[in-house]
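As stored in protein_3.tsv (TSV, C-alpha atoms and all ligand atoms):
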```tsv
chain	number	residue	atom	x	y	z
A	230	MET	CA	-58.30	-63.06	19.34
A	231	ASN	CA	-57.87	-60.28	21.89
A	232	ARG	CA	-54.38	-61.35	22.61
A	233	SER	CA	-53.25	-61.24	19.03
A	234	LEU	CA	-54.87	-57.82	18.61
A	235	ASN	CA	-52.91	-56.60	21.60
A	236	THR	CA	-49.71	-58.01	20.19
A	237	LEU	CA	-50.41	-56.30	16.89
A	238	LYS	CA	-51.06	-53.02	18.71
A	239	SER	CA	-47.82	-53.19	20.60
A	240	ILE	CA	-45.88	-54.09	17.48
A	241	LEU	CA	-47.44	-51.07	15.79
A	242	ALA	CA	-46.63	-48.82	18.74
A	243	MET	CA	-43.01	-50.01	18.76
A	244	ALA	CA	-42.75	-49.39	15.05
A	245	ILE	CA	-44.08	-45.85	15.41
A	246	ILE	CA	-41.75	-45.09	18.32
A	247	SER	CA	-38.69	-46.41	16.53
A	248	LEU	CA	-39.68	-44.59	13.34
A	249	SER	CA	-39.92	-41.27	15.14
A	250	PHE	CA	-36.58	-41.92	16.84
A	251	THR	CA	-34.97	-42.59	13.47
A	252	ALA	CA	-36.52	-39.41	12.08
A	253	CYS	CA	-34.97	-37.41	14.93
A	254	ASP	CA	-31.57	-39.01	14.42
A	255	ASN	CA	-31.64	-38.22	10.74
A	256	GLU	CA	-32.24	-34.50	11.07
A	257	GLY	CA	-29.40	-32.08	10.52
A	258	CYS	CA	-27.75	-29.94	7.89
A	259	THR	CA	-28.11	-31.59	4.48
A	260	ASP	CA	-26.25	-29.02	2.37
A	261	PRO	CA	-22.82	-30.40	1.35
A	262	ILE	CA	-21.28	-26.93	1.06
A	263	ALA	CA	-22.15	-26.03	4.67
A	264	GLU	CA	-19.57	-26.10	7.47
A	265	ASN	CA	-21.66	-28.47	9.56
A	266	TYR	CA	-22.88	-30.73	6.75
A	267	ASN	CA	-24.11	-33.99	8.21
A	268	GLU	CA	-23.86	-36.79	5.69
A	269	ASN	CA	-26.15	-38.99	7.77
A	270	ALA	CA	-28.92	-36.40	7.92
A	271	LYS	CA	-31.93	-37.18	5.76
A	272	LYS	CA	-33.99	-34.14	6.66
A	273	ASP	CA	-32.72	-30.58	6.84
A	274	ASN	CA	-33.47	-28.86	10.12
A	275	GLY	CA	-32.35	-25.37	9.17
A	276	THR	CA	-29.09	-25.40	11.15
A	277	CYS	CA	-26.61	-25.12	8.25
A	278	ASP	CA	-23.70	-22.73	8.88
A	279	TYR	CA	-21.85	-21.02	6.04
A	280	ILE	CA	-18.79	-18.83	5.63
A	281	TYR	CA	-20.03	-15.79	3.76
A	282	GLY	CA	-17.82	-14.08	1.18
A	283	CYS	CA	-17.09	-13.76	-2.52
A	284	THR	CA	-17.09	-17.20	-4.18
A	285	ASN	CA	-16.34	-16.17	-7.79
A	286	ASN	CA	-12.70	-17.15	-8.39
A	287	LYS	CA	-12.34	-14.52	-11.11
A	288	SER	CA	-13.09	-11.69	-8.70
A	289	ILE	CA	-10.36	-9.58	-7.14
A	290	ASN	CA	-11.69	-10.34	-3.64
A	291	PHE	CA	-12.28	-14.08	-4.17
A	292	ASP	CA	-12.34	-15.73	-0.75
A	293	THR	CA	-11.04	-19.30	-0.90
A	294	LEU	CA	-12.69	-20.13	2.42
A	295	ALA	CA	-16.14	-18.75	1.61
A	296	THR	CA	-18.88	-21.30	1.13
A	297	LEU	CA	-21.79	-18.97	0.41
A	298	ASP	CA	-21.72	-15.94	-1.86
A	299	ASP	CA	-22.73	-12.68	-0.17
A	300	ALA	CA	-22.81	-10.55	-3.34
A	301	SER	CA	-19.58	-8.79	-2.32
A	302	CYS	CA	-17.57	-9.86	-5.39
A	303	MET	CA	-15.59	-7.06	-7.05
A	304	THR	CA	-14.56	-7.35	-10.67
A	305	PHE	CA	-13.24	-5.13	-13.46
A	306	GLU	CA	-15.09	-7.25	-16.00
A	307	THR	CA	-18.01	-4.83	-16.33
A	308	TRP	CA	-15.76	-1.82	-16.98
A	309	GLU	CA	-17.36	-0.99	-20.32
A	310	ASP	CA	-20.56	-0.05	-18.46
A	311	TRP	CA	-18.71	2.24	-16.03
A	312	ILE	CA	-18.65	6.02	-16.17
A	313	LEU	CA	-16.02	7.66	-18.37
A	314	GLU	CA	-14.61	10.20	-15.94
A	315	ILE	CA	-11.72	11.73	-17.85
A	316	THR	CA	-9.92	11.43	-21.19
A	317	LYS	CA	-6.38	12.60	-21.92
A	318	THR	CA	-4.75	12.57	-25.32
A	319	GLY	CA	-1.40	12.94	-26.96
A	320	LEU	CA	2.18	13.24	-25.84
A	321	ASP	CA	3.02	13.57	-22.17
A	322	THR	CA	6.73	13.69	-21.51
A	323	ASN	CA	6.13	13.03	-17.81
A	324	LEU	CA	4.85	9.61	-18.73
A	325	GLY	CA	7.76	8.41	-20.86
A	326	PHE	CA	6.66	5.04	-22.20
A	327	ALA	CA	4.12	4.57	-19.41
A	328	HIS	CA	0.50	4.75	-20.57
A	329	ARG	CA	1.90	5.46	-24.07
A	330	GLY	CA	2.82	9.01	-23.15
A	331	ASP	CA	5.36	8.81	-26.02
A	332	ASP	CA	2.68	8.38	-28.68
A	333	SER	CA	1.04	11.55	-29.97
A	334	THR	CA	-1.99	9.56	-31.16
A	335	SER	CA	-2.69	7.89	-27.82
A	336	THR	CA	-5.92	8.33	-25.88
A	337	ARG	CA	-6.10	7.58	-22.16
A	338	ASP	CA	-9.64	6.95	-20.90
A	339	VAL	CA	-10.30	6.65	-17.18
A	340	TYR	CA	-13.47	4.83	-16.07
A	341	PHE	CA	-14.93	4.81	-12.58
A	342	LEU	CA	-17.31	2.20	-11.23
A	343	ASP	CA	-20.42	4.13	-10.12
A	344	GLY	CA	-18.65	7.40	-10.96
A	345	LYS	CA	-17.38	7.60	-7.37
A	346	ASP	CA	-16.33	10.92	-5.86
A	347	PRO	CA	-13.89	11.50	-3.02
A	348	ASP	CA	-15.50	11.26	0.37
A	349	GLY	CA	-13.97	14.30	2.08
A	350	ASN	CA	-10.45	14.26	0.73
A	351	SER	CA	-10.09	10.64	-0.22
A	352	TYR	CA	-11.90	8.06	-2.25
A	353	PRO	CA	-13.94	5.56	-0.25
A	354	GLU	CA	-12.85	1.97	0.21
A	355	GLY	CA	-14.08	-0.10	-2.72
A	356	THR	CA	-13.51	2.61	-5.34
A	357	MET	CA	-12.56	0.92	-8.63
A	358	ILE	CA	-10.91	2.62	-11.57
A	359	LEU	CA	-9.90	1.26	-14.96
A	360	LYS	CA	-7.70	3.08	-17.39
A	361	HIS	CA	-7.75	2.13	-21.08
A	362	THR	CA	-4.94	3.47	-23.22
A	363	HIS	CA	-5.16	3.08	-27.00
A	364	ASN	CA	-3.68	4.70	-30.09
A	365	ILE	CA	-5.03	5.52	-33.51
A	366	LEU	CA	-3.37	2.58	-35.26
A	367	GLY	CA	-4.76	0.23	-32.63
A	368	THR	CA	-1.27	-1.17	-32.04
A	369	SER	CA	-1.29	-0.19	-28.41
A	370	GLN	CA	-3.93	-1.35	-25.96
A	371	GLU	CA	-3.27	-1.11	-22.25
A	372	TYR	CA	-5.69	-1.84	-19.42
A	373	VAL	CA	-4.67	-1.02	-15.85
A	374	GLY	CA	-6.69	-0.62	-12.71
A	375	MET	CA	-6.67	0.76	-9.20
A	376	VAL	CA	-8.78	-0.26	-6.22
A	377	LYS	CA	-9.00	1.53	-2.90
A	378	GLN	CA	-8.48	-1.16	-0.28
A	379	GLU	CA	-9.10	-1.06	3.47
A	380	LYS	CA	-7.01	1.11	5.80
A	381	GLY	CA	-3.67	-0.46	6.56
A	382	PHE	CA	-3.51	-2.37	3.27
A	383	ASN	CA	-0.45	-0.42	2.07
A	384	THR	CA	0.25	2.98	3.59
A	385	ALA	CA	2.90	3.93	0.99
A	386	SER	CA	0.35	3.49	-1.79
A	387	GLY	CA	-2.40	5.34	0.06
A	388	ASN	CA	-4.13	1.93	0.29
A	389	TRP	CA	-4.53	1.79	-3.48
A	390	GLU	CA	-3.95	-1.59	-5.05
A	391	TRP	CA	-2.65	-1.64	-8.65
A	392	PHE	CA	-3.69	-4.06	-11.38
A	393	VAL	CA	-2.67	-5.03	-14.90
A	394	LEU	CA	-5.67	-6.27	-16.86
A	395	ASN	CA	-6.69	-7.55	-20.25
A	396	GLU	CA	-9.44	-6.09	-22.44
A	397	ASP	CA	-12.09	-8.16	-20.64
A	398	GLY	CA	-11.02	-6.64	-17.33
A	399	GLU	CA	-9.46	-9.92	-16.18
A	400	MET	CA	-6.24	-9.85	-14.19
A	401	LYS	CA	-3.15	-10.65	-16.23
A	402	THR	CA	-0.60	-13.04	-14.80
A	403	ASP	CA	3.21	-13.05	-14.76
A	404	SER	CA	5.44	-15.83	-16.14
A	405	VAL	CA	4.83	-18.04	-13.10
A	406	GLY	CA	1.05	-17.57	-13.19
A	407	LYS	CA	0.83	-15.04	-10.35
A	408	SER	CA	-1.80	-12.30	-10.79
A	409	LEU	CA	-0.33	-8.89	-11.64
A	410	ARG	CA	-1.75	-7.01	-8.67
A	411	GLY	CA	-0.59	-5.51	-5.40
A	412	GLY	CA	0.10	-2.39	-3.36
A	413	ASN	CA	3.72	-2.62	-4.48
A	414	LEU	CA	3.19	-3.93	-8.01
A	415	TYR	CA	6.41	-4.16	-10.12
A	416	ASP	CA	8.50	-3.40	-7.02
A	417	GLY	CA	6.76	-0.09	-6.52
A	418	MET	CA	7.01	1.08	-10.16
A	419	CYS	CA	3.36	2.20	-10.31
A	420	ILE	CA	3.60	3.98	-6.93
A	421	GLY	CA	7.01	5.47	-7.77
A	422	CYS	CA	5.81	7.40	-10.77
A	423	HIS	CA	2.36	8.28	-9.42
A	424	GLN	CA	3.96	9.61	-6.23
A	425	SER	CA	5.71	12.35	-8.15
A	426	ALA	CA	3.11	12.79	-10.90
A	427	THR	CA	1.24	16.04	-10.64
A	428	THR	CA	-1.20	15.26	-13.42
A	429	ASP	CA	-2.62	11.98	-12.21
A	430	PHE	CA	-6.08	11.86	-10.89
A	431	VAL	CA	-6.42	9.88	-7.71
A	432	PHE	CA	-3.13	8.69	-6.17
A	433	SER	CA	-3.03	11.29	-3.40
A	434	LYS	CA	-6.72	10.87	-2.56
A	501	LIG	C1	6.04	7.08	-15.66
A	501	LIG	C2	4.95	7.38	-14.77
A	501	LIG	C3	3.83	6.38	-14.54
A	501	LIG	C4	3.94	5.03	-14.37
A	501	LIG	C5	5.17	4.15	-14.38
A	501	LIG	C6	2.57	4.54	-14.15
A	501	LIG	N1	1.69	5.59	-14.21
A	501	LIG	FE1	-0.34	5.45	-14.09
A	501	LIG	N2	-0.50	7.45	-14.53
A	501	LIG	C7	0.56	8.34	-14.63
A	501	LIG	C8	0.04	9.67	-14.89
A	501	LIG	C9	0.88	10.95	-15.03
A	501	LIG	C10	-1.37	9.56	-14.99
A	501	LIG	C11	-2.40	10.64	-15.32
A	501	LIG	C12	-2.13	11.30	-16.62
A	501	LIG	C13	-2.54	10.52	-17.83
A	501	LIG	O1	-3.22	9.50	-17.72
A	501	LIG	O2	-2.18	10.95	-18.91
A	501	LIG	C14	-1.67	8.13	-14.70
A	501	LIG	C15	-2.95	7.59	-14.62
A	501	LIG	C16	-3.25	6.33	-14.19
A	501	LIG	C17	-4.59	5.85	-13.92
A	501	LIG	C18	-5.87	6.65	-14.01
A	501	LIG	C19	-6.21	7.29	-12.69
A	501	LIG	C20	-5.35	8.51	-12.38
A	501	LIG	O3	-4.90	8.60	-11.24
A	501	LIG	O4	-5.16	9.36	-13.25
A	501	LIG	C21	-4.45	4.55	-13.52
A	501	LIG	C22	-5.58	3.62	-13.11
A	501	LIG	C23	-3.06	4.23	-13.56
A	501	LIG	N3	-2.34	5.34	-13.96
A	501	LIG	C24	-2.56	2.99	-13.22
A	501	LIG	C25	-1.21	2.67	-13.27
A	501	LIG	C26	-0.68	1.36	-12.97
A	501	LIG	C27	-1.50	0.15	-12.52
A	501	LIG	C28	0.67	1.41	-13.14
A	501	LIG	C29	1.68	0.32	-12.97
A	501	LIG	C30	1.46	-0.89	-13.72
A	501	LIG	C31	0.99	2.78	-13.58
A	501	LIG	N4	-0.17	3.50	-13.62
A	501	LIG	C32	2.25	3.22	-13.90
A	501	LIG	C33	1.89	8.03	-14.52
A	501	LIG	C34	2.42	6.74	-14.44
```
If you took the structure in this file and wrote it as structure tokens, what would it be?
Ligand code: HEC
Amino acid sequence: MNRSLNTLKSILAMAIISLSFTACDNEGCTDPIAENYNENAKKDNGTCDYIYGCTNNKSINFDTLATLDDASCMTFETWEDWILEITKTGLDTNLGFAHRGDDSTSTRDVYFLDGKDPDGNSYPEGTMILKHTHNILGTSQEYVGMVKQEKGFNTASGNWEWFVLNEDGEMKTDSVGKSLRGGNLYDGMCIGCHQSATTDFVFSK
């Protein structure tokens, strides 16, 4: 009787020991999007590592490597809620065809995210601007954007990046599917004209 009780006790003890060993073995990071995801782990032990960044692939700063969103995504898609900073109308011979400067009925509205002001003499990194050009007949609709990028992004463009957008503020693409964006967009066409324009708003800032 005693003997079999002892045997039972030791079997129980063994079972408990091996159970707790298994539990230890099966602890780790259980989140598949984490860098150190452990597919054998059954229980999460709070050690998951992530690459933080913007994970929305429609954003202009989408980070292909990021595994966890850090709320840093930048997008033009909310432009209709931005602050209307300036409106210009009518013919502008300096513009030629650009921004429909050749159309006396055209209106050029410039929106700023957060209504940003220059910090000292230049706009702070992250400043976003959208310009909507339209005419009375509604035959012309143009959406372009500028974003102040980090120092060293493109010295010739004053670190502004240029964008061609659609009405929803999404980046348009060229014939091979490449987004129409860059410090040197259209081989410097945007910079070229803005460099010598005296009536533009932000290029030199
Ligand atoms: C032929 C000259 C010319 C070209 C080319 C041109 N722009 Fe402009 N742009 C101007 C001028 C001048 C203004 C301000 C006057 C106005 O809007 O009537 C302006 C205004 C803007 C604004 C509003 C902010 C500001 O500085 O006034 C944005 C944004 C903009 N342009 C983006 C672009 C982008 C992107 C391109 C290239 C795809 C481009 N522009 C090409 C001359 C030009």
Subject >> Coordinates-based distance that separates atom CA of Asn323 of chain A from atom CA of Asn413 of chain A (Å, one decimal) >> reply: 20.7 Å
Subject >> Among listed residues A:Ala300, A:Ala426, A:Leu394, A:Ala263, nearest ligand LIG 501 (chain A) (using only C-alpha atoms and all ligand atoms) >> reply: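 Among A:Ala300, A:Ala426, A:Leu394, A:Ala263, it is A:Ala426 that comes nearest to ligand LIG 501 (chain A).
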Sorted by chain and rising residue number, which residues of chain A lie within 8 Å of ligand LIG 501 (chain A), and what are their closest atom pairs and distances in Å to one decimal, counting all atoms listed in the file, as a Markdown table?
```
| residue | atom | partner | partner_atom | distance |
| --- | --- | --- | --- | --- |
| A:Thr316 | CA | A:LIG501 | O1 | 7.8 |
| A:Lys317 | CA | A:LIG501 | O2 | 5.4 |
| A:Thr318 | CA | A:LIG501 | O2 | 7.1 |
| A:Asp321 | CA | A:LIG501 | O2 | 6.7 |
| A:Asn323 | CA | A:LIG501 | C9 | 6.3 |
| A:Leu324 | CA | A:LIG501 | C1 | 4.2 |
| A:Gly325 | CA | A:LIG501 | C1 | 5.6 |
| A:Phe326 | CA | A:LIG501 | C1 | 6.9 |
| A:Ala327 | CA | A:LIG501 | C1 | 4.9 |
| A:His328 | CA | A:LIG501 | N1 | 6.5 |
| A:Gly330 | CA | A:LIG501 | O2 | 6.8 |
| A:Arg337 | CA | A:LIG501 | O1 | 5.6 |
| A:Asp338 | CA | A:LIG501 | O1 | 7.6 |
| A:Val339 | CA | A:LIG501 | C18 | 5.4 |
| A:Ile358 | CA | A:LIG501 | C22 | 5.6 |
| A:Leu359 | CA | A:LIG501 | C22 | 5.3 |
| A:Lys360 | CA | A:LIG501 | C22 | 4.8 |
| A:Val373 | CA | A:LIG501 | C27 | 4.7 |
| A:Gly374 | CA | A:LIG501 | C22 | 4.4 |
| A:Met375 | CA | A:LIG501 | C22 | 5.0 |
| A:Trp391 | CA | A:LIG501 | C27 | 4.4 |
| A:Phe392 | CA | A:LIG501 | C27 | 4.9 |
| A:Val393 | CA | A:LIG501 | C27 | 5.8 |
| A:Leu414 | CA | A:LIG501 | C30 | 6.7 |
| A:Tyr415 | CA | A:LIG501 | C30 | 6.9 |
| A:Met418 | CA | A:LIG501 | C5 | 5.5 |
| A:Cys419 | CA | A:LIG501 | C29 | 3.7 |
| A:Ile420 | CA | A:LIG501 | C32 | 7.1 |
| A:Gly421 | CA | A:LIG501 | C5 | 7.0 |
| A:Cys422 | CA | A:LIG501 | C2 | 4.1 |
| A:His423 | CA | A:LIG501 | C33 | 5.1 |
| A:Ala426 | CA | A:LIG501 | C9 | 5.0 |
| A:Thr427 | CA | A:LIG501 | C9 | 6.7 |
| A:Thr428 | CA | A:LIG501 | C9 | 5.0 |
| A:Asp429 | CA | A:LIG501 | C11 | 3.4 |
| A:Phe430 | CA | A:LIG501 | O3 | 3.5 |
| A:Val431 | CA | A:LIG501 | O3 | 4.1 |
| A:Phe432 | CA | A:LIG501 | O3 | 5.4 |
```
**OP:** Find, counting all atoms listed in the file, the residue in A:Asn274, A:Thr356, A:Asn383, A:Thr304 that gets nearest to Lys287 of chain A.
**Re:** A:Thr304
Per residue of segment 273-330 of chain A within 12 Å of segment 399-404 of chain A, what are the shortest atom pair and its distance in Å to one decimal, counting only C-alpha atoms, with rows by chain and residue number, as a tab-separated table?
```
residue	atom	partner	partner_atom	distance
A:Asn286	CA	A:Glu399	CA	11.1
A:Lys287	CA	A:Glu399	CA	7.4
A:Ser288	CA	A:Glu399	CA	8.5
A:Ile289	CA	A:Met400	CA	8.2
A:Asn290	CA	A:Met400	CA	11.9
A:Met303	CA	A:Glu399	CA	11.4
A:Thr304	CA	A:Glu399	CA	7.9
A:Phe305	CA	A:Glu399	CA	6.7
A:Glu306	CA	A:Glu399	CA	6.2
A:Thr307	CA	A:Glu399	CA	10.0
A:Trp308	CA	A:Glu399	CA	10.3
```
**OP:** Kindly give the distance, in Å, that separates atom CA of Lys380 of chain A and atom CA of Tyr281 of chain A, rounded to a single decimal.
**Re:** 21.4 Å
Subject >> Exercise: Tyr279 of chain A partners within 10 Å, only C-alpha atoms, chain neighbours under 2 positions left out, as a list of chain:residue names >> reply: A:Asp260, A:Ile262, A:Ala263, A:Glu264, A:Asn265, A:Tyr266, A:Thr276, A:Cys277, A:Tyr281, A:Gly282, A:Leu294, A:Ala295, A:Thr296, A:Leu297, A:Asp298
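Taking atom CA of Asn285 of chain A and atom CA of Asp397 of chain A as the two end points, the separation is 15.7 Å.
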Give, as lines of an AutoDock Vina configuration file, the centre coordinates and the x, y and z edge lengths in Å to one decimal for an axis-aligned box around all listed atoms of segment 355-369 of chain A, padded by 4 Å on each side.
```
center_x = -7.7
center_y = 2.2
center_z = -19.0
size_x = 20.8
size_y = 14.7
size_z = 40.5
```
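Distance annotation: of A:Gly319, A:Glu371, A:Thr284, A:Lys272, the residue with the minimal separation from Asp331 of chain A is A:Gly319; atom set is only C-alpha atoms.
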